[in-house]
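See below for upload-v8.csv, which holds CSV, C-alpha atoms.
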chain,number,residue,atom,x,y,z
A,1,MET,CA,-4.5,6.3,35.7
A,2,THR,CA,-2.2,8.6,37.6
A,3,GLY,CA,-1.0,11.6,35.6
A,4,SER,CA,-3.0,10.4,32.6
A,5,ASP,CA,-4.3,14.0,31.9
A,6,THR,CA,-0.8,15.0,30.8
A,7,LYS,CA,-0.4,12.2,28.4
A,8,THR,CA,-1.4,12.1,24.7
A,9,LEU,CA,-4.0,9.7,23.5
A,10,GLY,CA,-1.3,7.6,21.8
A,11,GLN,CA,0.7,7.4,25.0
A,12,ARG,CA,-2.5,6.3,26.9
A,13,VAL,CA,-3.3,3.6,24.3
A,14,LYS,CA,0.2,2.3,24.4
A,15,GLU,CA,0.3,2.1,28.2
A,16,LEU,CA,-3.2,0.5,28.4
A,17,ARG,CA,-2.3,-2.0,25.7
A,18,ARG,CA,0.8,-3.0,27.7
A,19,ILE,CA,-1.2,-3.3,30.9
A,20,ALA,CA,-3.6,-5.5,29.1
A,21,GLY,CA,-0.8,-7.7,27.9
A,22,MET,CA,-1.6,-7.0,24.3
A,23,SER,CA,0.7,-6.6,21.3
A,24,GLN,CA,-0.1,-4.0,18.6
A,25,SER,CA,-1.2,-6.9,16.4
A,26,ASP,CA,-3.6,-8.2,19.2
A,27,LEU,CA,-5.2,-4.7,19.5
A,28,ALA,CA,-5.5,-4.4,15.7
A,29,ILE,CA,-7.3,-7.8,15.5
A,30,ALA,CA,-9.6,-6.8,18.3
A,31,MET,CA,-10.6,-3.6,16.5
A,32,ALA,CA,-10.6,-5.1,13.0
A,33,ARG,CA,-8.0,-2.6,11.9
A,34,SER,CA,-4.5,-2.9,10.6
A,35,GLU,CA,-1.4,-3.0,12.8
A,36,SER,CA,-0.1,0.1,11.0
A,37,TRP,CA,-3.3,2.0,12.1
A,38,VAL,CA,-2.6,1.1,15.8
A,39,SER,CA,1.0,2.2,15.3
A,40,GLN,CA,-0.2,5.5,13.8
A,41,VAL,CA,-2.5,6.1,16.8
A,42,GLU,CA,0.2,5.4,19.3
A,43,ARG,CA,2.6,7.7,17.5
A,44,GLY,CA,0.0,10.5,17.3
A,45,VAL,CA,0.0,10.4,13.5
A,46,GLN,CA,-3.5,9.1,13.3
A,47,PRO,CA,-5.9,11.2,15.4
A,48,VAL,CA,-9.0,9.6,16.9
A,49,GLU,CA,-11.9,12.0,17.2
A,50,ARG,CA,-15.0,10.0,16.6
A,51,LEU,CA,-16.6,8.7,19.8
A,52,SER,CA,-17.5,5.4,18.1
A,53,ILE,CA,-13.8,4.7,17.4
A,54,LEU,CA,-12.8,5.8,20.9
A,55,GLN,CA,-15.4,3.4,22.3
A,56,ALA,CA,-14.1,0.6,20.1
A,57,LEU,CA,-10.6,1.3,21.4
A,58,ALA,CA,-11.8,1.2,25.0
A,59,ASP,CA,-13.8,-2.0,24.5
A,60,ALA,CA,-10.7,-3.7,22.9
A,61,LEU,CA,-8.6,-2.6,25.9
A,62,ASN,CA,-11.3,-3.5,28.4
A,63,VAL,CA,-11.4,0.0,29.9
A,64,SER,CA,-13.7,3.0,29.9
A,65,VAL,CA,-13.6,5.7,27.2
A,66,ARG,CA,-12.5,8.2,29.8
A,67,GLU,CA,-9.4,6.1,30.5
A,68,VAL,CA,-8.5,6.3,26.8
A,69,ARG,CA,-9.3,10.0,26.6
A,70,PRO,CA,-10.3,11.9,29.7
A,71,ASP,CA,-11.9,14.8,27.8
A,72,ALA,CA,-14.1,12.5,25.6
A,73,ALA,CA,-17.6,13.9,25.1
A,74,PRO,CA,-20.0,11.9,27.3
A,75,ALA,CA,-23.0,12.5,25.0
A,76,ALA,CA,-23.6,11.9,21.3
A,77,GLU,CA,-20.8,11.2,19.0
A,78,ALA,CA,-18.8,14.4,18.2
A,79,GLU,CA,-17.8,15.4,14.7
A,80,PRO,CA,-14.1,15.1,13.9
A,81,ASP,CA,-12.0,18.1,14.8
A,82,GLU,CA,-11.1,19.6,11.4
A,83,THR,CA,-7.8,20.7,12.8
A,84,HIS,CA,-6.7,17.1,13.1
A,85,ARG,CA,-6.1,15.3,9.8
A,86,SER,CA,-5.9,11.6,9.6
A,87,ASN,CA,-3.4,9.8,7.4
A,88,ASP,CA,-5.5,6.8,6.5
A,89,LEU,CA,-8.0,5.8,3.8
A,90,GLU,CA,-11.1,5.4,6.1
A,91,GLY,CA,-13.1,8.1,4.2
A,92,LEU,CA,-12.3,6.5,0.9
A,93,ARG,CA,-13.2,3.1,2.2
A,94,VAL,CA,-16.7,4.4,3.2
A,95,ALA,CA,-17.1,6.1,-0.1
A,96,LEU,CA,-16.5,2.8,-2.0
A,97,THR,CA,-19.6,1.3,-0.2
A,98,GLY,CA,-22.7,1.0,-2.4
A,99,HIS,CA,-23.3,2.1,-5.9
A,100,PRO,CA,-20.9,4.9,-7.0
A,101,ALA,CA,-23.5,7.0,-8.8
A,102,LEU,CA,-27.0,5.8,-7.8
A,103,GLY,CA,-28.7,9.1,-8.7
A,104,SER,CA,-27.7,8.8,-12.3
A,105,LEU,CA,-29.7,5.5,-12.6
A,106,PHE,CA,-32.8,7.6,-11.7
A,107,GLU,CA,-31.9,10.2,-14.2
A,108,LEU,CA,-31.2,12.9,-11.6
A,109,THR,CA,-29.5,16.0,-12.9
A,110,PRO,CA,-25.9,16.3,-11.6
A,111,ALA,CA,-25.8,18.7,-8.7
A,112,GLU,CA,-22.6,20.4,-10.0
A,113,PRO,CA,-21.2,21.1,-13.5
A,114,ILE,CA,-19.3,18.1,-15.0
A,115,PRO,CA,-15.5,18.9,-15.1
A,116,SER,CA,-13.6,18.8,-18.3
A,117,LEU,CA,-11.5,15.9,-19.5
A,118,ALA,CA,-8.4,18.0,-18.9
A,119,ASP,CA,-9.4,18.6,-15.3
A,120,PHE,CA,-10.0,14.9,-14.7
A,121,ARG,CA,-6.6,14.0,-16.2
A,122,HIS,CA,-4.9,16.5,-13.8
A,123,ARG,CA,-6.9,15.1,-10.8
A,124,VAL,CA,-5.9,11.5,-11.6
A,125,ASP,CA,-2.3,12.5,-12.0
A,126,GLU,CA,-2.5,14.3,-8.6
A,127,ALA,CA,-3.9,11.2,-7.0
A,128,TRP,CA,-0.9,9.1,-8.1
A,129,THR,CA,1.4,11.9,-6.8
A,130,LEU,CA,-0.2,11.7,-3.4
A,131,ALA,CA,0.0,7.9,-3.3
A,132,HIS,CA,3.7,7.9,-4.1
A,133,ALA,CA,4.2,10.4,-1.3
A,134,SER,CA,2.3,8.2,1.1
A,135,SER,CA,-0.1,11.1,1.9
A,136,TYR,CA,-3.0,8.8,2.5
A,137,GLY,CA,-5.2,11.3,4.3
A,138,ALA,CA,-4.9,13.8,1.5
A,139,LEU,CA,-5.4,11.1,-1.1
A,140,SER,CA,-8.5,9.8,0.7
A,141,ASP,CA,-10.0,13.3,0.6
A,142,HIS,CA,-9.0,13.7,-3.0
A,143,LEU,CA,-10.5,10.4,-4.2
A,144,VAL,CA,-13.7,10.9,-2.1
A,145,ARG,CA,-14.4,13.9,-4.3
A,146,LEU,CA,-12.9,12.6,-7.6
A,147,LEU,CA,-14.5,9.1,-7.8
A,148,PRO,CA,-18.2,10.2,-7.5
A,149,SER,CA,-17.5,13.0,-9.9
A,150,ILE,CA,-16.0,10.8,-12.6
A,151,GLU,CA,-18.7,8.1,-12.0
A,152,THR,CA,-21.3,10.8,-12.7
A,153,ALA,CA,-19.5,12.2,-15.6
A,154,VAL,CA,-19.1,8.9,-17.5
A,155,ARG,CA,-22.9,8.5,-17.3
A,156,HIS,CA,-23.8,12.0,-18.5
A,157,ALA,CA,-20.9,13.1,-20.7
A,158,PRO,CA,-21.1,13.1,-24.6
A,159,ALA,CA,-20.6,9.7,-26.1
A,160,GLY,CA,-17.3,10.8,-27.6
A,161,ASP,CA,-15.8,11.5,-24.2
A,162,ARG,CA,-16.9,8.3,-22.5
A,163,SER,CA,-14.1,6.1,-23.6
A,164,GLU,CA,-11.4,8.3,-22.1
A,165,LEU,CA,-13.5,8.9,-19.0
A,166,HIS,CA,-13.7,5.1,-18.4
A,167,SER,CA,-9.9,5.0,-18.8
A,168,LEU,CA,-9.4,7.8,-16.3
A,169,ARG,CA,-11.9,6.1,-13.9
A,170,ALA,CA,-9.9,2.8,-14.2
A,171,LYS,CA,-6.7,4.7,-13.3
A,172,ALA,CA,-8.3,6.4,-10.3
A,173,TYR,CA,-9.5,3.1,-8.9
A,174,GLN,CA,-6.0,1.6,-9.5
A,175,VAL,CA,-4.6,4.4,-7.3
A,176,ALA,CA,-7.1,3.4,-4.6
A,177,ALA,CA,-6.3,-0.3,-5.0
A,178,ALA,CA,-2.6,0.2,-4.7
A,179,SER,CA,-2.9,2.5,-1.7
A,180,PHE,CA,-5.3,0.2,0.2
A,181,THR,CA,-2.9,-2.6,-0.3
A,182,ARG,CA,0.0,-0.5,1.2
A,183,GLN,CA,-2.2,0.3,4.2
A,184,ASP,CA,-3.1,-3.4,4.8
A,185,GLN,CA,-6.7,-3.0,3.7
A,186,ALA,CA,-6.6,-5.7,1.1
A,187,ASP,CA,-10.4,-6.3,1.1
A,188,ALA,CA,-11.0,-2.7,0.0
A,189,ALA,CA,-8.1,-3.0,-2.5
A,190,TRP,CA,-9.9,-5.9,-4.1
A,191,VAL,CA,-13.1,-3.9,-4.5
A,192,ALA,CA,-11.2,-1.0,-6.0
A,193,ALA,CA,-9.2,-3.2,-8.4
A,194,ASP,CA,-12.3,-4.9,-9.6
A,195,ARG,CA,-14.0,-1.6,-10.4
A,196,ALA,CA,-10.8,-0.5,-12.2
A,197,LEU,CA,-10.9,-3.7,-14.2
A,198,GLN,CA,-14.6,-3.1,-15.3
A,199,ALA,CA,-13.9,0.5,-16.2
A,200,ALA,CA,-10.8,-0.5,-18.2
A,201,GLU,CA,-12.9,-3.0,-20.2
A,202,LEU,CA,-15.6,-0.4,-20.9
A,203,ALA,CA,-12.8,2.0,-22.1
A,204,GLY,CA,-11.7,-0.6,-24.6
A,205,GLN,CA,-8.2,-0.6,-23.1
A,206,PRO,CA,-7.0,-4.1,-22.6
A,207,LEU,CA,-3.6,-3.0,-21.2
A,208,GLU,CA,-5.5,-1.1,-18.5
A,209,VAL,CA,-7.4,-4.3,-17.8
A,210,VAL,CA,-4.0,-6.0,-17.2
A,211,ALA,CA,-2.9,-3.1,-15.0
A,212,SER,CA,-6.0,-3.6,-12.9
A,213,LEU,CA,-5.3,-7.3,-12.6
A,214,PHE,CA,-1.8,-6.3,-11.4
A,215,ARG,CA,-3.4,-4.3,-8.6
A,216,MET,CA,-5.8,-7.2,-7.9
A,217,ALA,CA,-2.9,-9.7,-7.6
A,218,HIS,CA,-1.2,-7.5,-5.0
A,219,ALA,CA,-4.4,-7.3,-3.0
A,220,PHE,CA,-4.8,-11.0,-3.0
A,221,MET,CA,-1.1,-11.4,-2.0
A,222,ARG,CA,-1.7,-9.1,1.0
A,223,GLN,CA,-4.7,-11.2,2.0
A,224,GLN,CA,-2.4,-14.3,1.8
A,225,HIS,CA,-4.7,-15.7,-1.0
A,226,MET,CA,-1.8,-16.8,-3.1
A,227,GLU,CA,-3.8,-19.1,-5.3
A,228,GLN,CA,-6.0,-16.2,-6.4
A,229,ALA,CA,-3.1,-13.9,-6.8
A,230,GLU,CA,-1.4,-16.4,-9.0
A,231,GLN,CA,-4.5,-16.9,-11.1
A,232,ALA,CA,-4.8,-13.2,-11.7
A,233,ALA,CA,-1.2,-12.9,-12.8
A,234,LYS,CA,-1.1,-16.1,-14.8
A,235,SER,CA,-4.2,-15.2,-16.8
A,236,ALA,CA,-2.5,-12.1,-18.0
A,237,VAL,CA,0.8,-13.8,-18.7
A,238,ALA,CA,-0.9,-16.5,-20.7
A,239,VAL,CA,-2.3,-13.9,-23.1
A,240,MET,CA,0.6,-11.5,-23.2
A,241,ALA,CA,3.6,-13.8,-23.4
A,242,PRO,CA,2.9,-15.0,-27.0
A,243,ARG,CA,2.3,-11.4,-28.1
A,244,ALA,CA,5.7,-10.4,-26.6
A,245,GLU,CA,7.4,-12.8,-29.1
A,246,SER,CA,6.8,-10.2,-31.8
A,247,PRO,CA,9.8,-7.8,-32.2
A,248,THR,CA,7.3,-5.0,-32.6
A,249,CYS,CA,5.6,-5.6,-29.3
A,250,PRO,CA,5.0,-2.2,-27.7
A,251,PRO,CA,7.1,-1.3,-24.6
A,252,GLU,CA,4.0,-0.6,-22.5
A,253,GLU,CA,2.9,-4.2,-23.1
A,254,LEU,CA,6.3,-5.5,-22.3
A,255,SER,CA,6.4,-3.6,-19.1
A,256,LEU,CA,3.1,-5.1,-17.9
A,257,LEU,CA,4.3,-8.6,-18.9
A,258,GLY,CA,7.5,-8.0,-17.0
A,259,ALA,CA,5.6,-6.7,-13.9
A,260,MET,CA,3.3,-9.7,-13.9
A,261,ASN,CA,6.4,-12.0,-14.0
A,262,LEU,CA,7.7,-10.2,-10.9
A,263,VAL,CA,4.3,-10.8,-9.2
A,264,LEU,CA,4.7,-14.5,-9.9
A,265,ALA,CA,8.3,-14.4,-8.6
A,266,VAL,CA,7.1,-13.0,-5.3
A,267,ILE,CA,4.3,-15.5,-5.0
A,268,ASN,CA,6.6,-18.4,-5.6
A,269,ALA,CA,9.2,-17.0,-3.2
A,270,ARG,CA,6.7,-16.8,-0.4
A,271,GLU,CA,5.7,-20.4,-1.1
A,272,GLY,CA,9.3,-21.4,-0.9
A,273,ASN,CA,9.6,-22.5,-4.6
A,274,ARG,CA,13.1,-21.5,-5.6
A,275,GLY,CA,13.1,-22.9,-9.1
A,276,ARG,CA,9.9,-21.1,-10.2
A,277,THR,CA,11.0,-17.9,-8.4
A,278,HIS,CA,14.3,-17.7,-10.3
A,279,GLU,CA,12.5,-18.7,-13.5
A,280,HIS,CA,10.2,-15.7,-13.3
A,281,ILE,CA,13.0,-13.3,-12.3
A,282,ASP,CA,15.0,-14.5,-15.3
A,283,ARG,CA,12.0,-13.9,-17.6
A,284,ALA,CA,11.5,-10.4,-16.2
A,285,ARG,CA,15.3,-9.7,-16.7
A,286,GLY,CA,15.0,-10.7,-20.3
A,287,ILE,CA,12.0,-8.4,-20.8
A,288,ALA,CA,13.8,-5.6,-19.0
A,289,ALA,CA,16.8,-6.1,-21.2
A,290,ARG,CA,14.6,-5.7,-24.3
A,291,LEU,CA,13.3,-2.4,-22.9
A,292,GLY,CA,16.8,-1.2,-22.1
A,293,GLU,CA,15.7,1.4,-19.6
A,294,ASP,CA,13.7,2.0,-16.4
A,295,ARG,CA,10.1,2.9,-17.2
A,296,ASN,CA,7.0,3.7,-15.3
A,297,ASP,CA,4.2,2.3,-17.6
A,298,PHE,CA,1.0,2.1,-15.7
A,299,ASP,CA,2.8,3.2,-12.5
A,300,THR,CA,4.6,-0.2,-12.2
A,301,GLU,CA,8.1,1.3,-12.4
A,302,PHE,CA,9.2,-1.7,-14.4
A,303,GLY,CA,12.7,-1.9,-15.8
A,304,PRO,CA,16.1,-3.4,-15.2
A,305,THR,CA,16.5,-1.7,-11.8
A,306,ASN,CA,13.1,-2.9,-10.5
A,307,VAL,CA,13.8,-6.4,-11.6
A,308,GLU,CA,17.0,-6.5,-9.5
A,309,ILE,CA,15.2,-5.0,-6.5
A,310,HIS,CA,12.7,-7.9,-6.8
A,311,ALA,CA,15.7,-10.3,-7.1
A,312,VAL,CA,16.8,-9.0,-3.7
A,313,SER,CA,13.3,-9.2,-2.2
A,314,THR,CA,12.6,-12.7,-3.4
A,315,ALA,CA,16.0,-13.9,-2.2
A,316,VAL,CA,15.2,-12.5,1.3
A,317,GLU,CA,11.8,-14.3,1.2
A,318,LEU,CA,13.6,-17.6,0.4
A,319,GLY,CA,16.1,-17.0,3.2
A,320,ASP,CA,19.0,-16.5,0.8
A,321,ALA,CA,20.5,-13.5,2.6
A,322,GLY,CA,23.9,-13.8,1.0
A,323,LEU,CA,22.5,-13.8,-2.5
A,324,ALA,CA,20.2,-10.8,-1.6
A,325,LEU,CA,23.2,-8.8,-0.4
A,326,GLU,CA,25.3,-9.7,-3.3
A,327,VAL,CA,22.6,-8.6,-5.8
A,328,ALA,CA,21.9,-5.4,-3.7
A,329,GLN,CA,25.5,-4.3,-4.1
A,330,ARG,CA,25.0,-4.0,-7.9
A,331,VAL,CA,21.7,-2.0,-7.6
A,332,ASP,CA,21.5,1.8,-8.0
A,333,ALA,CA,17.9,2.6,-7.2
A,334,SER,CA,18.3,6.4,-7.2
A,335,SER,CA,16.3,6.8,-10.5
A,336,LEU,CA,13.2,5.2,-9.0
A,337,SER,CA,10.6,6.8,-6.7
A,338,PRO,CA,11.4,7.4,-3.0
A,339,GLU,CA,8.8,4.7,-2.2
A,340,ARG,CA,10.6,2.0,-4.3
A,341,GLN,CA,14.0,3.1,-3.0
A,342,SER,CA,12.8,2.8,0.5
A,343,ARG,CA,11.3,-0.6,0.0
A,344,PHE,CA,14.6,-1.8,-1.5
A,345,LEU,CA,16.5,-0.6,1.6
A,346,LEU,CA,13.9,-2.4,3.8
A,347,ASP,CA,14.7,-5.6,2.0
A,348,VAL,CA,18.5,-4.9,2.4
A,349,ALA,CA,17.8,-4.5,6.1
A,350,ARG,CA,15.9,-7.8,6.2
A,351,ALA,CA,18.8,-9.6,4.6
A,352,HIS,CA,21.3,-8.1,7.1
A,353,ALA,CA,19.0,-9.1,9.9
A,354,GLN,CA,18.9,-12.7,8.7
A,355,ARG,CA,22.7,-12.6,9.0
A,356,ARG,CA,22.5,-11.0,12.4
A,357,HIS,CA,24.2,-7.8,11.2
A,358,VAL,CA,22.4,-5.4,13.5
A,359,GLY,CA,24.4,-2.3,12.6
A,360,GLU,CA,24.1,-2.7,8.9
A,361,ALA,CA,20.4,-3.5,9.1
A,362,THR,CA,19.7,-0.5,11.3
A,363,ALA,CA,21.7,1.8,8.9
A,364,ALA,CA,19.6,0.6,6.0
A,365,LEU,CA,16.4,1.2,7.9
A,366,LEU,CA,17.4,4.7,8.9
A,367,GLU,CA,18.3,5.5,5.3
A,368,SER,CA,14.9,4.1,4.2
A,369,GLU,CA,13.2,6.1,6.8
A,370,VAL,CA,14.6,9.4,5.4
A,371,LEU,CA,13.2,8.5,2.0
A,372,ALA,CA,9.7,7.4,3.0
A,373,PRO,CA,9.1,7.7,6.8
A,374,GLU,CA,5.6,6.3,6.7
A,375,GLN,CA,6.7,3.1,4.8
A,376,ILE,CA,9.2,2.3,7.6
A,377,HIS,CA,6.9,3.4,10.5
A,378,ASP,CA,3.9,1.4,9.2
A,379,HIS,CA,5.0,-1.4,6.9
A,380,HIS,CA,4.5,-4.8,8.7
A,381,LEU,CA,7.8,-6.1,7.4
A,382,ALA,CA,9.7,-3.0,8.7
A,383,ARG,CA,8.1,-3.4,12.1
A,384,GLU,CA,9.0,-7.1,12.1
A,385,VAL,CA,12.6,-6.5,11.3
A,386,ILE,CA,12.9,-3.7,14.0
A,387,ARG,CA,11.5,-6.2,16.6
A,388,ASP,CA,14.0,-8.8,15.4
A,389,LEU,CA,16.9,-6.4,15.6
A,390,ILE,CA,16.0,-5.4,19.1
A,391,GLN,CA,15.9,-9.0,20.2
A,392,LEU,CA,19.3,-9.7,18.5
A,393,SER,CA,20.9,-6.7,20.2
A,394,GLU,CA,19.5,-7.0,23.8
A,395,PRO,CA,20.5,-6.0,26.4
A,396,ARG,CA,22.6,-3.3,24.6
A,397,VAL,CA,20.1,-1.9,22.1
A,398,PRO,CA,21.8,0.8,20.0
A,399,GLU,CA,20.3,4.3,20.6
A,400,SER,CA,19.7,4.7,16.9
A,401,LEU,CA,17.7,1.5,16.8
A,402,ARG,CA,15.9,2.4,20.0
A,403,GLY,CA,14.9,5.7,18.5
A,404,LEU,CA,13.7,4.1,15.3
A,405,ALA,CA,11.6,1.7,17.4
A,406,GLU,CA,10.1,4.6,19.3
A,407,ARG,CA,9.3,6.5,16.2
A,408,SER,CA,7.6,3.4,14.7
A,409,ALA,CA,5.8,2.7,18.0
A,410,VAL,CA,7.2,-0.8,18.0
A,411,GLY,CA,6.6,-2.3,21.4
Using structure tokens, write down the structure that the file contains.
Amino acid sequence: MTGSDTKTLGQRVKELRRIAGMSQSDLAIAMARSESWVSQVERGVQPVERLSILQALADALNVSVREVRPDAAPAAEAEPDETHRSNDLEGLRVALTGHPALGSLFELTPAEPIPSLADFRHRVDEAWTLAHASSYGALSDHLVRLLPSIETAVRHAPAGDRSELHSLRAKAYQVAAASFTRQDQADAAWVAADRALQAAELAGQPLEVVASLFRMAHAFMRQQHMEQAEQAAKSAVAVMAPRAESPTCPPEELSLLGAMNLVLAVINAREGNRGRTHEHIDRARGIAARLGEDRNDFDTEFGPTNVEIHAVSTAVELGDAGLALEVAQRVDASSLSPERQSRFLLDVARAHAQRRHVGEATAALLESEVLAPEQIHDHHLAREVIRDLIQLSEPRVPESLRGLAERSAVG
């Protein structure tokens, strides 16, 4: 390839993909990766250092490894360059494989001192902070160390500490499940959510069990397994709804019930069932009204604002762009996390795109990008709406939209 030595690996992959007549989705399927991973490679966000991955890229593109990366080592697989940090969860995905603490079953003494409960609490909180910041590479490194440590601790700690350790273990796996879902790795999210569920039950924390089911339902939705997602959510609602009739029902329990109704609203919207969608949104509104404030129980961010954000999202799924934009005008999402604010703006952009409002949709995407760049650059819905906007505006694509497409490696 002429002049390829001056190009970055991402530029070469993008050029080779286009020569092969492949979309990013085609290349992702050929490599058994997510489209967001391909996008990150092409943008230079996701380094590729391991020869096995370079070879897989070359095979998928039907070229030699040297065409993908001219300086690739010809011999045995090289170790990753420590100066290049990935932003995916591949290390965590590998760490989930097998038994989490096999040595403990053979009564092997832990290689390192067991951290204190206070230390584990801090490390679990840090994991959620990294997840909300979309710092997936750092999160992967963090959980690769945390999960084996807490799995070992729960098997060797004093009996009095084990209940809380199980609870912290459940929360750590919930972080993993939520992050895998956001990175389009729903199979790994399912595994993590299942481990969270088991740990929550051992902790004697039924609400943590429900929170784990919440993560599992999202994993199923990402896999397009709507029947399983619905079963996970409905099983929780069936138990919790009668309890919520009590005026003394705790707010944490109401939050989870409300969040599960939002899950069911999304499922029904994706299946085109307007009646049931609005029914679950209305139930969630009623629960949020009882709470009277935005909360973040079990990292669900449930409350009145999040309900209205879901009302926008489900209206978009149903093709009701007018309703979505009408509701969106009443929403002030500034009190929620940057991730939730960004996702709200993405849905606003999708609604504008449905109405062929290229300028308004682009403006919403750019505002969303400022709040959470990785969400816009990697989320499959963001990439779809960027493609739609380019098609709507051709041949005069606005420079701001063209720049966004370039930053998102949409091509």
May I have the residues within 10 Å of A:Glu227 as a VMD selection string, using only C-alpha atoms and disregarding those fewer than 6 positions away in the same chain? chain A and resid 217 220 to 221 267
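You can rank A:Arg350, A:His380, A:Arg340, A:Lys14 by their closest distance to A:Glu301 using all atoms listed in the file, and at the top of that list sits A:Arg340.
The spacing separating atom CA of A:Glu201 from atom CA of A:Ala153 amounts to 17.2 Å.
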Just the residues within 10 Å of A:Gly10, please, counting all atoms listed in the file, with nothing from its chain fewer than 2 positions along; format it as a PyMOL selection string. chain A and resi 7-8+12-16+38-48+68-69+409
Within 6 Å of stretch 286-293 of chain A, counting all atoms listed in the file, which residues qualify if same-chain residues fewer than 5 places away don't, as a PyMOL selection string? chain A and resi 258+303-304
